file structure38.csv (CSV, C-alpha atoms)
chain,number,residue,atom,x,y,z
A,1,MET,CA,-5.2,19.8,14.6
A,2,ILE,CA,-3.2,16.7,15.5
A,3,ARG,CA,-5.3,14.6,13.0
A,4,ALA,CA,-4.7,17.2,10.3
A,5,TYR,CA,-0.9,17.1,10.8
A,6,ALA,CA,-0.9,13.3,10.8
A,7,GLN,CA,-3.0,13.1,7.6
A,8,GLU,CA,-0.5,15.5,5.9
A,9,HIS,CA,2.4,13.2,7.2
A,10,LYS,CA,3.7,16.1,9.3
A,11,PHE,CA,4.5,13.7,12.1
A,12,LYS,CA,6.9,16.0,13.9
A,13,ASP,CA,4.3,18.7,14.2
A,14,ALA,CA,1.7,16.2,15.3
A,15,PHE,CA,3.9,14.8,18.0
A,16,TYR,CA,4.9,18.3,19.2
A,17,LEU,CA,1.2,19.3,19.5
A,18,PHE,CA,0.4,15.9,21.2
A,19,THR,CA,3.2,16.5,23.8
A,20,HIS,CA,1.9,20.0,24.4
A,21,THR,CA,-1.6,18.7,24.9
A,22,ARG,CA,-0.4,16.1,27.5
A,23,CYS,CA,1.1,18.9,29.5
A,24,SER,CA,-2.0,21.1,29.3
A,25,CYS,CA,-5.2,21.2,31.4
A,26,THR,CA,-7.0,19.3,28.7
A,27,PRO,CA,-5.5,15.8,28.5
A,28,PRO,CA,-5.7,13.8,25.2
A,29,ASP,CA,-8.8,11.8,24.7
A,30,ASN,CA,-9.3,8.5,22.9
A,31,TYR,CA,-9.6,10.0,19.4
A,32,THR,CA,-6.3,12.0,20.0
A,33,TYR,CA,-4.5,8.8,21.0
A,34,ALA,CA,-6.0,7.0,18.0
A,35,CYS,CA,-4.5,9.7,15.7
A,36,ILE,CA,-1.1,9.4,17.3
A,37,ILE,CA,-1.2,5.6,17.1
A,38,ARG,CA,-2.0,5.8,13.3
A,39,ALA,CA,0.8,8.4,12.9
A,40,CYS,CA,3.3,6.0,14.5
A,41,THR,CA,2.0,3.2,12.3
A,42,GLU,CA,2.3,5.2,9.1
A,43,ARG,CA,5.9,6.2,9.8
A,44,THR,CA,6.8,2.7,10.9
A,45,ASP,CA,7.7,3.7,14.5
A,46,PRO,CA,7.2,0.7,16.8
A,47,PHE,CA,9.0,2.5,19.7
A,48,GLY,CA,6.6,5.5,19.3
A,49,LEU,CA,3.7,3.2,19.2
A,50,ARG,CA,4.7,1.6,22.5
A,51,ILE,CA,5.1,5.0,24.1
A,52,ALA,CA,1.6,5.9,22.9
A,53,HIS,CA,0.3,2.6,24.3
A,54,GLY,CA,1.8,3.5,27.6
A,55,GLY,CA,0.0,6.9,27.5
A,56,VAL,CA,-3.2,5.1,26.8
A,57,ILE,CA,-2.8,2.9,29.9
A,58,VAL,CA,-1.8,5.8,32.1
A,59,SER,CA,-4.9,7.7,30.9
A,60,GLY,CA,-7.2,4.8,31.7
A,61,LEU,CA,-8.2,4.3,28.1
A,62,GLU,CA,-6.8,0.8,27.7
A,63,PHE,CA,-10.3,-0.7,27.5
A,64,ASP,CA,-11.7,2.0,25.2
A,65,SER,CA,-12.9,0.6,21.8
A,66,VAL,CA,-11.4,3.4,19.7
A,67,THR,CA,-7.9,3.2,21.2
A,68,SER,CA,-7.9,-0.6,21.4
A,69,SER,CA,-8.9,-0.9,17.7
A,70,ALA,CA,-6.1,1.6,16.7
A,71,LEU,CA,-3.6,-0.3,18.8
A,72,VAL,CA,-4.5,-3.7,17.3
A,73,SER,CA,-4.4,-2.3,13.8
A,74,GLY,CA,-1.1,-0.5,14.5
A,75,TYR,CA,0.7,-3.4,16.0
A,76,SER,CA,-0.5,-5.8,13.3
A,77,LYS,CA,0.7,-3.5,10.5
A,78,LEU,CA,4.1,-3.3,12.2
A,79,ALA,CA,4.3,-7.1,12.3
A,80,LEU,CA,3.8,-7.2,16.1
A,81,ILE,CA,0.8,-9.5,15.9
A,82,ASP,CA,1.4,-11.1,19.3
A,83,ILE,CA,1.1,-7.7,21.1
A,84,ALA,CA,-2.0,-6.9,18.9
A,85,HIS,CA,-3.6,-10.2,20.1
A,86,THR,CA,-2.7,-9.4,23.7
A,87,VAL,CA,-4.5,-6.0,23.4
A,88,PHE,CA,-7.5,-7.7,21.8
A,89,ASP,CA,-7.7,-10.4,24.5
A,90,GLY,CA,-7.7,-7.6,27.2
A,91,ILE,CA,-11.1,-6.5,26.0
A,92,CYS,CA,-13.9,-8.5,27.7
A,93,LYS,CA,-16.6,-7.6,25.1
A,94,PRO,CA,-15.0,-6.5,21.9
A,95,ASP,CA,-17.3,-4.6,19.5
A,96,LEU,CA,-17.5,-5.2,15.8
A,97,VAL,CA,-14.8,-2.6,15.0
A,98,LEU,CA,-12.3,-4.4,17.3
A,99,TRP,CA,-13.2,-7.8,15.8
A,100,ASN,CA,-12.6,-6.2,12.3
A,101,SER,CA,-9.2,-4.8,13.4
A,102,MET,CA,-8.0,-8.2,14.8
A,103,ILE,CA,-9.2,-10.2,11.8
A,104,ALA,CA,-7.6,-7.7,9.4
A,105,GLY,CA,-4.5,-7.8,11.6
A,106,TYR,CA,-4.1,-11.5,10.9
A,107,GLY,CA,-4.7,-10.8,7.3
A,108,TYR,CA,-1.8,-8.3,7.2
A,109,GLY,CA,0.4,-11.0,8.6
A,110,ARG,CA,-0.8,-13.6,6.1
A,111,LEU,CA,-2.0,-15.7,9.1
A,112,TRP,CA,-5.0,-17.0,7.2
A,113,CYS,CA,-5.9,-19.9,9.6
A,114,GLU,CA,-5.9,-17.6,12.6
A,115,SER,CA,-8.0,-15.0,10.7
A,116,LEU,CA,-10.6,-17.6,9.8
A,117,LYS,CA,-10.7,-19.1,13.3
A,118,LEU,CA,-11.4,-15.6,14.7
A,119,PHE,CA,-14.0,-14.9,12.1
A,120,SER,CA,-15.8,-18.2,13.1
A,121,GLU,CA,-15.5,-17.4,16.8
A,122,MET,CA,-17.1,-14.0,16.2
A,123,ARG,CA,-20.0,-15.5,14.4
A,124,LYS,CA,-20.5,-18.1,17.2
A,125,MET,CA,-20.8,-15.2,19.6
A,126,GLY,CA,-23.7,-13.8,17.7
A,127,LYS,CA,-21.9,-11.0,15.8
A,128,ASP,CA,-23.2,-10.5,12.3
A,129,PRO,CA,-20.2,-9.8,9.9
A,130,ASP,CA,-20.2,-6.6,8.0
A,131,GLY,CA,-18.3,-5.5,4.9
A,132,GLN,CA,-15.2,-4.6,6.8
A,133,ASN,CA,-15.1,-8.1,8.4
A,134,PHE,CA,-15.1,-9.7,4.9
A,135,VAL,CA,-12.5,-7.3,3.6
A,136,GLY,CA,-10.2,-8.1,6.5
A,137,LEU,CA,-10.7,-11.8,6.1
A,138,ILE,CA,-10.2,-11.8,2.4
A,139,SER,CA,-7.0,-9.7,2.6
A,140,GLY,CA,-5.0,-12.6,4.0
A,141,VAL,CA,-5.8,-15.1,1.2
A,142,ASN,CA,-3.2,-15.5,-1.5
A,143,ASP,CA,-2.7,-19.2,-1.9
A,144,PRO,CA,-4.3,-21.0,-5.0
A,145,GLN,CA,-4.8,-24.1,-2.8
A,146,LEU,CA,-7.3,-22.1,-0.7
A,147,LEU,CA,-9.5,-21.5,-3.8
A,148,GLY,CA,-12.4,-23.7,-2.3
A,149,ILE,CA,-12.4,-21.6,0.8
A,150,CYS,CA,-12.3,-18.4,-1.3
A,151,ARG,CA,-15.5,-19.5,-3.1
A,152,GLY,CA,-17.1,-20.3,0.3
A,153,ILE,CA,-16.3,-16.7,1.5
A,154,HIS,CA,-17.7,-15.3,-1.8
A,155,CYS,CA,-20.9,-17.3,-1.2
A,156,LEU,CA,-21.2,-16.0,2.3
A,157,CYS,CA,-20.8,-12.4,1.0
A,158,LEU,CA,-23.7,-13.1,-1.4
A,159,LYS,CA,-25.8,-14.6,1.3
A,160,ASN,CA,-25.3,-11.5,3.5
A,161,GLY,CA,-26.1,-9.2,0.6
A,162,LEU,CA,-22.6,-7.6,0.6
A,163,ASP,CA,-21.7,-8.4,-3.0
A,164,SER,CA,-22.8,-4.8,-4.0
A,165,ASN,CA,-20.5,-3.3,-1.4
A,166,SER,CA,-17.7,-1.6,-3.3
A,167,HIS,CA,-14.9,-2.5,-1.0
A,168,VAL,CA,-16.1,-6.1,-0.6
A,169,ALA,CA,-16.4,-6.6,-4.4
A,170,SER,CA,-12.9,-5.1,-4.9
A,171,SER,CA,-11.5,-7.5,-2.3
A,172,ILE,CA,-13.1,-10.5,-3.9
A,173,VAL,CA,-11.7,-9.5,-7.3
A,174,SER,CA,-8.3,-9.1,-5.8
A,175,MET,CA,-8.6,-12.3,-3.8
A,176,TYR,CA,-9.3,-14.4,-7.0
A,177,SER,CA,-6.5,-12.6,-8.8
A,178,ARG,CA,-4.0,-13.3,-6.1
A,179,CYS,CA,-5.0,-17.0,-6.2
A,180,SER,CA,-4.4,-17.1,-9.9
A,181,CYS,CA,-8.1,-17.7,-10.6
A,182,LEU,CA,-8.5,-15.0,-13.2
A,183,ASP,CA,-11.7,-16.5,-14.7
A,184,SER,CA,-13.5,-15.9,-11.4
A,185,ALA,CA,-11.9,-12.5,-11.0
A,186,TYR,CA,-13.1,-11.5,-14.4
A,187,LYS,CA,-16.6,-13.0,-13.8
A,188,THR,CA,-16.9,-11.1,-10.5
A,189,PHE,CA,-15.7,-7.9,-12.1
A,190,SER,CA,-18.0,-8.3,-15.1
A,191,GLY,CA,-21.0,-8.7,-12.8
A,192,LEU,CA,-20.5,-5.2,-11.3
A,193,PRO,CA,-23.0,-2.8,-12.7
A,194,ASP,CA,-20.7,0.2,-12.7
A,195,PRO,CA,-17.2,-0.6,-11.5
A,196,ASP,CA,-15.3,2.2,-9.7
A,197,ILE,CA,-11.6,3.0,-9.7
A,198,VAL,CA,-11.0,0.7,-6.7
A,199,GLN,CA,-12.5,-2.3,-8.5
A,200,TRP,CA,-10.7,-1.6,-11.8
A,201,SER,CA,-7.5,-1.3,-9.8
A,202,SER,CA,-8.0,-4.6,-8.0
A,203,LEU,CA,-8.3,-6.5,-11.3
A,204,ILE,CA,-5.5,-4.7,-13.1
A,205,THR,CA,-3.1,-5.1,-10.1
A,206,GLY,CA,-4.1,-8.7,-9.8
A,207,LEU,CA,-3.2,-9.3,-13.4
A,208,SER,CA,0.1,-7.5,-13.0
A,209,GLN,CA,1.0,-9.6,-9.9
A,210,THR,CA,0.3,-12.9,-11.7
A,211,GLY,CA,2.5,-12.0,-14.7
A,212,ASN,CA,-0.3,-11.1,-17.1
A,213,SER,CA,1.2,-7.8,-18.1
A,214,GLU,CA,-0.3,-7.5,-21.6
A,215,GLU,CA,-3.8,-8.1,-20.2
A,216,ALA,CA,-3.2,-5.5,-17.4
A,217,LEU,CA,-2.1,-2.9,-19.9
A,218,PHE,CA,-5.1,-3.7,-22.1
A,219,LEU,CA,-7.6,-3.4,-19.2
A,220,PHE,CA,-5.9,-0.1,-18.1
A,221,ARG,CA,-6.6,1.3,-21.5
A,222,GLU,CA,-10.2,0.1,-21.3
A,223,MET,CA,-10.6,1.8,-18.0
A,224,ILE,CA,-9.3,5.1,-19.3
A,225,LEU,CA,-11.7,4.9,-22.3
A,226,GLU,CA,-14.5,4.4,-19.8
A,227,GLY,CA,-13.6,7.7,-18.2
A,228,GLU,CA,-12.1,6.5,-15.0
A,229,ARG,CA,-9.1,8.4,-13.6
A,230,ALA,CA,-6.2,6.3,-12.4
A,231,ASP,CA,-4.4,7.1,-9.2
A,232,PRO,CA,-0.5,7.2,-8.8
A,233,THR,CA,-0.4,3.7,-7.4
A,234,LEU,CA,-2.2,2.1,-10.3
A,235,ILE,CA,-0.1,4.2,-12.8
A,236,ALA,CA,3.1,2.9,-11.2
A,237,SER,CA,1.8,-0.6,-11.4
A,238,VAL,CA,1.0,-0.5,-15.1
A,239,LEU,CA,4.3,1.2,-15.9
A,240,GLY,CA,5.9,-1.9,-14.2
A,241,ASP,CA,4.0,-4.0,-16.8
A,242,SER,CA,5.4,-1.9,-19.6
A,243,SER,CA,8.9,-2.4,-18.2
A,244,LYS,CA,8.4,-6.2,-17.9
A,245,LEU,CA,7.4,-6.4,-21.5
A,246,ALA,CA,10.2,-4.0,-22.6
A,247,MET,CA,7.5,-2.1,-24.5
A,248,VAL,CA,8.1,1.7,-24.5
A,249,GLU,CA,5.0,2.6,-26.5
A,250,PRO,CA,2.4,1.8,-23.8
A,251,GLY,CA,4.6,3.7,-21.4
A,252,ARG,CA,4.6,6.7,-23.6
A,253,GLN,CA,0.8,6.6,-23.9
A,254,ILE,CA,0.6,6.4,-20.1
A,255,HIS,CA,3.0,9.4,-19.9
A,256,SER,CA,0.6,11.5,-22.0
A,257,PHE,CA,-2.2,10.5,-19.7
A,258,VAL,CA,-0.1,11.6,-16.7
A,259,PHE,CA,0.6,15.0,-18.2
A,260,ARG,CA,-3.0,15.6,-19.0
A,261,HIS,CA,-4.1,14.8,-15.4
A,262,GLY,CA,-1.2,16.5,-13.5
A,263,PHE,CA,0.5,13.4,-12.0
A,264,GLU,CA,3.9,14.2,-13.4
A,265,SER,CA,5.1,15.7,-10.1
A,266,ASP,CA,4.2,12.6,-8.1
A,267,VAL,CA,7.5,11.0,-6.9
A,268,LYS,CA,6.2,7.4,-7.2
A,269,VAL,CA,5.0,8.0,-10.7
A,270,ALA,CA,8.2,9.8,-11.8
A,271,SER,CA,10.4,7.0,-10.4
A,272,SER,CA,8.3,4.4,-12.2
A,273,PHE,CA,8.8,6.4,-15.5
A,274,ILE,CA,12.5,6.4,-15.0
A,275,ASP,CA,12.5,2.7,-14.4
A,276,MET,CA,10.3,2.0,-17.4
A,277,TYR,CA,12.2,4.1,-19.9
A,278,THR,CA,15.6,2.8,-18.8
A,279,LYS,CA,14.5,-0.8,-18.9
A,280,CYS,CA,13.0,-0.3,-22.4
A,281,GLY,CA,16.3,1.1,-23.7
A,282,ALA,CA,15.2,4.7,-23.8
A,283,SER,CA,17.5,6.0,-21.1
A,284,MET,CA,17.5,9.6,-22.5
A,285,PHE,CA,13.8,9.9,-21.6
A,286,GLY,CA,14.4,8.5,-18.2
A,287,VAL,CA,17.2,11.0,-17.6
A,288,ARG,CA,14.9,13.8,-18.8
A,289,VAL,CA,12.2,12.8,-16.3
A,290,PHE,CA,14.8,12.8,-13.5
A,291,GLU,CA,16.1,16.2,-14.5
A,292,ILE,CA,12.7,17.9,-14.4
A,293,MET,CA,11.6,16.4,-11.1
A,294,HIS,CA,10.9,19.0,-8.4
A,295,GLU,CA,11.1,16.5,-5.6
A,296,ARG,CA,13.3,13.4,-5.3
A,297,ASN,CA,13.8,10.6,-2.8
A,298,VAL,CA,16.1,7.6,-2.4
A,299,VAL,CA,13.9,5.5,-4.6
A,300,THR,CA,14.2,8.0,-7.4
A,301,TYR,CA,17.9,8.1,-7.2
A,302,ASN,CA,18.1,4.3,-7.1
A,303,SER,CA,15.9,4.1,-10.2
A,304,ILE,CA,18.2,6.4,-12.3
A,305,ILE,CA,21.4,4.9,-10.9
A,306,SER,CA,20.3,1.4,-11.8
A,307,GLY,CA,18.8,2.5,-15.1
A,308,LEU,CA,21.9,4.3,-16.3
A,309,GLY,CA,24.1,1.3,-15.4
A,310,SER,CA,21.9,-1.2,-17.2
A,311,ASN,CA,22.3,1.0,-20.3
A,312,GLY,CA,26.1,1.0,-20.1
A,313,LEU,CA,26.3,4.6,-18.7
A,314,ILE,CA,28.4,3.7,-15.7
A,315,SER,CA,30.2,7.0,-15.3
A,316,GLU,CA,26.9,8.9,-15.4
A,317,ALA,CA,25.5,6.6,-12.8
A,318,PHE,CA,28.3,7.3,-10.4
A,319,LEU,CA,27.9,11.0,-11.0
A,320,VAL,CA,24.3,10.7,-9.9
A,321,PHE,CA,25.3,8.8,-6.9
A,322,GLN,CA,27.7,11.5,-6.0
A,323,GLU,CA,24.9,14.1,-6.3
A,324,MET,CA,22.7,11.9,-4.2
A,325,VAL,CA,25.2,11.9,-1.3
A,326,GLU,CA,26.0,15.6,-1.7
A,327,LYS,CA,22.3,16.5,-1.3
A,328,GLY,CA,22.0,14.6,1.9
A,329,PHE,CA,20.2,11.4,0.8
A,330,LYS,CA,21.3,8.3,2.6
A,331,PRO,CA,22.1,5.4,0.3
A,332,ASP,CA,20.3,2.1,1.2
A,333,LEU,CA,20.9,-1.5,0.2
A,334,SER,CA,19.2,-1.0,-3.1
A,335,THR,CA,21.6,1.8,-3.9
A,336,PHE,CA,24.7,-0.2,-3.3
A,337,SER,CA,23.3,-3.2,-5.0
A,338,ALA,CA,22.7,-1.1,-8.1
A,339,LEU,CA,26.2,0.3,-7.9
A,340,LEU,CA,27.8,-3.1,-7.6
A,341,SER,CA,25.7,-4.4,-10.5
A,342,ASN,CA,26.9,-1.4,-12.6
A,343,CYS,CA,30.5,-2.2,-11.7
A,344,SER,CA,30.0,-5.8,-12.8
A,345,HIS,CA,28.4,-4.7,-16.1
A,346,GLY,CA,31.1,-2.2,-16.7
A,347,GLY,CA,33.9,-4.7,-16.1
A,348,LEU,CA,35.1,-2.7,-13.1
A,349,VAL,CA,35.2,-5.7,-10.7
A,350,ARG,CA,38.7,-7.1,-10.0
A,351,CYS,CA,39.2,-10.5,-8.5

call {"tool": "encode", "arguments": {"input": "structure38.csv", "output": "structure tokens"}}
result
Amino acid sequence: MIRAYAQEHKFKDAFYLFTHTRCSCTPPDNYTYACIIRACTERTDPFGLRIAHGGVIVSGLEFDSVTSSALVSGYSKLALIDIAHTVFDGICKPDLVLWNSMIAGYGYGRLWCESLKLFSEMRKMGKDPDGQNFVGLISGVNDPQLLGICRGIHCLCLKNGLDSNSHVASSIVSMYSRCSCLDSAYKTFSGLPDPDIVQWSSLITGLSQTGNSEEALFLFREMILEGERADPTLIASVLGDSSKLAMVEPGRQIHSFVFRHGFESDVKVASSFIDMYTKCGASMFGVRVFEIMHERNVVTYNSIISGLGSNGLISEAFLVFQEMVEKGFKPDLSTFSALLSNCSHGGLVRC
């Protein structure tokens, strides 16, 4: 039940049930603690994570592989890599899952050298790397100067027969893309017999991140024609490409796809549409998307406030800001940055 609440991002219910379990005759086990640790990580709660860690120690589970792996992963994702390493060092004989968590942890922190050292140490201790090892190792590589090492890792994947693994192949495509080696990314992708949505997304996102927006949009269209169904994250990415190119037509085509597949209610997608339409000078469409949204968040309000201002609709932007505050949303730095930019564009700044 705790896991179900956590997966649905109902963290308050998950923690309530967890607290109740601790007070009952049946104490939480290692899997329960792992669920709570992941919940703390997903809601970016380092204090809660430390509390859960204390519970793990009190329960005598500090040397358990399941809880240790969850703690290493959690601390790493929250940029507390030193604590993650302390947890890892506390285990005398870490299993492959724990090695994976620590290697991936360094990857999250972009500590490429440390990740590679740990990977080498693991192999010296007789552990055979699996797909997750390589995914964790590859995730930290984003420097074109490391291209030689990238190719070495790729060769090692081929040697271990992991090139057909979907996640490994996706990570290799993404790695080459991040290192601006698009020829190798394309070559790896083209060698896949039947690329799935993860692999398509890796290449398209890589193209987007390296400024190849036209190619990203073209490949997205090819993917749709191949019958693949994009997810909200990928849709938001290619809408960003349409914005960068100030081309509204690809955005409209993507909008039609979104309606056909029922993604129009997704907050991330809707916010990206607002941003795309307003940056392409079609603010009326951005406003319409905003008006029909059933659910909004701070990002949504920031998108429409910034978009209205960039199109000279300063008064309308401040009316939306007023609505935002009245509905209980807390403005953040991006909100005030957009408002100040609007004031500057509207000639409302006085020296």

call {"tool": "atom_distance", "arguments": {"input": "structure38.csv", "atom1": "CA of Gly281 (chain A)", "atom2": "CA of Val258 (chain A)"}}
result
20.7 Å

call {"tool": "atom_distance", "arguments": {"input": "structure38.csv", "atom1": "CA of Glu323 (chain A)", "atom2": "CA of Val269 (chain A)"}}
result
21.3 Å

call {"tool": "closest_atom_pairs", "arguments": {"input": "structure38.csv", "of": "region 180-213 of chain A", "to": "region 142-156 of chain A", "cutoff": "12 Å", "atoms": "all atoms listed in the file", "output": "Markdown table"}}
result
| residue | atom | partner | partner_atom | distance |
| --- | --- | --- | --- | --- |
| A:Ser180 | CA | A:Pro144 | CA | 6.3 |
| A:Cys181 | CA | A:Pro144 | CA | 7.5 |
| A:Leu182 | CA | A:Pro144 | CA | 11.0 |
| A:Ser184 | CA | A:Arg151 | CA | 9.3 |
| A:Ala185 | CA | A:Arg151 | CA | 11.2 |
| A:Thr188 | CA | A:His154 | CA | 9.7 |
| A:Gly206 | CA | A:Asn142 | CA | 10.8 |
| A:Gln209 | CA | A:Asn142 | CA | 11.1 |
| A:Thr210 | CA | A:Asn142 | CA | 11.1 |

call {"tool": "atom_distance", "arguments": {"input": "structure38.csv", "atom1": "CA of Ile83 (chain A)", "atom2": "CA of Asp29 (chain A)"}}
result
22.2 Å

call {"tool": "closest_residue", "arguments": {"input": "structure38.csv", "among": "A:Cys343, A:Met223, A:Ala236, A:Val135", "to": "Ser208 (chain A)", "atoms": "all atoms listed in the file"}}
result
A:Ala236

call {"tool": "residues_around", "arguments": {"input": "structure38.csv", "residues": "region 54-70 of chain A", "least_positions_apart": "3", "cutoff": "7 Å", "atoms": "all atoms listed in the file", "output": "ChimeraX atom specification"}}
result
/A:30-31,33-34,37-38,50-51,73-74,87,91,97-98,101

call {"tool": "residues_near_point", "arguments": {"input": "structure38.csv", "point": "(21.6, 4.2, -5.3)", "cutoff": "12 Å", "atoms": "only C-alpha atoms", "output": "VMD selection string"}}
result
chain A and resid 297 to 309 317 to 325 329 to 342

call {"tool": "closest_residue", "arguments": {"input": "structure38.csv", "among": "A:Leu71, A:Cys40, A:Glu264, A:Ser76", "to": "Phe290 (chain A)", "atoms": "only C-alpha atoms"}}
result
A:Glu264

call {"tool": "closest_residue", "arguments": {"input": "structure38.csv", "among": "A:Ser190, A:Asn160, A:Ser177, A:Gln199", "to": "Gly211 (chain A)", "atoms": "all atoms listed in the file"}}
result
A:Ser177

call {"tool": "decode", "arguments": {"input": "structure38.csv", "residues": "region 200-216 of chain A", "atoms": "N, CA, C and O atoms", "output": "short mmCIF file (atom, residue, chain, number, x, y, z; two decimals), in the first residue's frame"}}
result
data_model
loop_
_atom_site.label_atom_id
_atom_site.label_comp_id
_atom_site.auth_asym_id
_atom_site.auth_seq_id
_atom_site.Cartn_x
_atom_site.Cartn_y
_atom_site.Cartn_z
N TRP A 200 14.43 5.93 -29.73
CA TRP A 200 14.07 7.10 -30.52
C TRP A 200 14.24 8.38 -29.69
O TRP A 200 14.80 9.38 -30.15
N SER A 201 13.74 8.33 -28.46
CA SER A 201 13.80 9.51 -27.58
C SER A 201 15.24 9.92 -27.29
O SER A 201 15.55 11.11 -27.22
N SER A 202 16.12 8.93 -27.11
CA SER A 202 17.52 9.23 -26.82
C SER A 202 18.15 10.03 -27.94
O SER A 202 18.86 11.02 -27.70
N LEU A 203 17.90 9.61 -29.19
CA LEU A 203 18.51 10.31 -30.32
C LEU A 203 17.87 11.68 -30.54
O LEU A 203 18.57 12.68 -30.75
N ILE A 204 16.55 11.74 -30.47
CA ILE A 204 15.85 13.02 -30.68
C ILE A 204 16.24 14.03 -29.60
O ILE A 204 16.54 15.20 -29.90
N THR A 205 16.26 13.59 -28.36
CA THR A 205 16.64 14.49 -27.26
C THR A 205 18.09 14.93 -27.39
O THR A 205 18.43 16.09 -27.13
N GLY A 206 18.95 14.00 -27.81
CA GLY A 206 20.36 14.34 -28.03
C GLY A 206 20.52 15.41 -29.09
O GLY A 206 21.31 16.35 -28.94
N LEU A 207 19.76 15.29 -30.17
CA LEU A 207 19.79 16.30 -31.23
C LEU A 207 19.31 17.65 -30.70
O LEU A 207 19.90 18.69 -31.00
N SER A 208 18.26 17.62 -29.91
CA SER A 208 17.73 18.86 -29.33
C SER A 208 18.76 19.55 -28.44
O SER A 208 18.97 20.76 -28.51
N GLN A 209 19.42 18.75 -27.60
CA GLN A 209 20.36 19.31 -26.64
C GLN A 209 21.62 19.86 -27.29
O GLN A 209 22.30 20.70 -26.72
N THR A 210 21.92 19.40 -28.50
CA THR A 210 23.11 19.89 -29.20
C THR A 210 22.76 20.95 -30.25
O THR A 210 23.60 21.30 -31.09
N GLY A 211 21.53 21.45 -30.18
CA GLY A 211 21.13 22.56 -31.05
C GLY A 211 20.70 22.17 -32.45
O GLY A 211 20.52 23.05 -33.31
N ASN A 212 20.52 20.88 -32.70
CA ASN A 212 20.09 20.42 -34.02
C ASN A 212 18.56 20.27 -34.04
O ASN A 212 18.02 19.17 -34.17
N SER A 213 17.88 21.39 -33.91
CA SER A 213 16.43 21.38 -33.75
C SER A 213 15.70 20.87 -34.99
O SER A 213 14.72 20.13 -34.88
N GLU A 214 16.15 21.28 -36.17
CA GLU A 214 15.48 20.84 -37.41
C GLU A 214 15.57 19.33 -37.56
O GLU A 214 14.58 18.67 -37.92
N GLU A 215 16.75 18.77 -37.29
CA GLU A 215 16.92 17.32 -37.39
C GLU A 215 16.07 16.59 -36.35
O GLU A 215 15.50 15.54 -36.62
N ALA A 216 15.96 17.19 -35.15
CA ALA A 216 15.14 16.58 -34.09
C ALA A 216 13.67 16.52 -34.51
O ALA A 216 13.00 15.50 -34.32
#
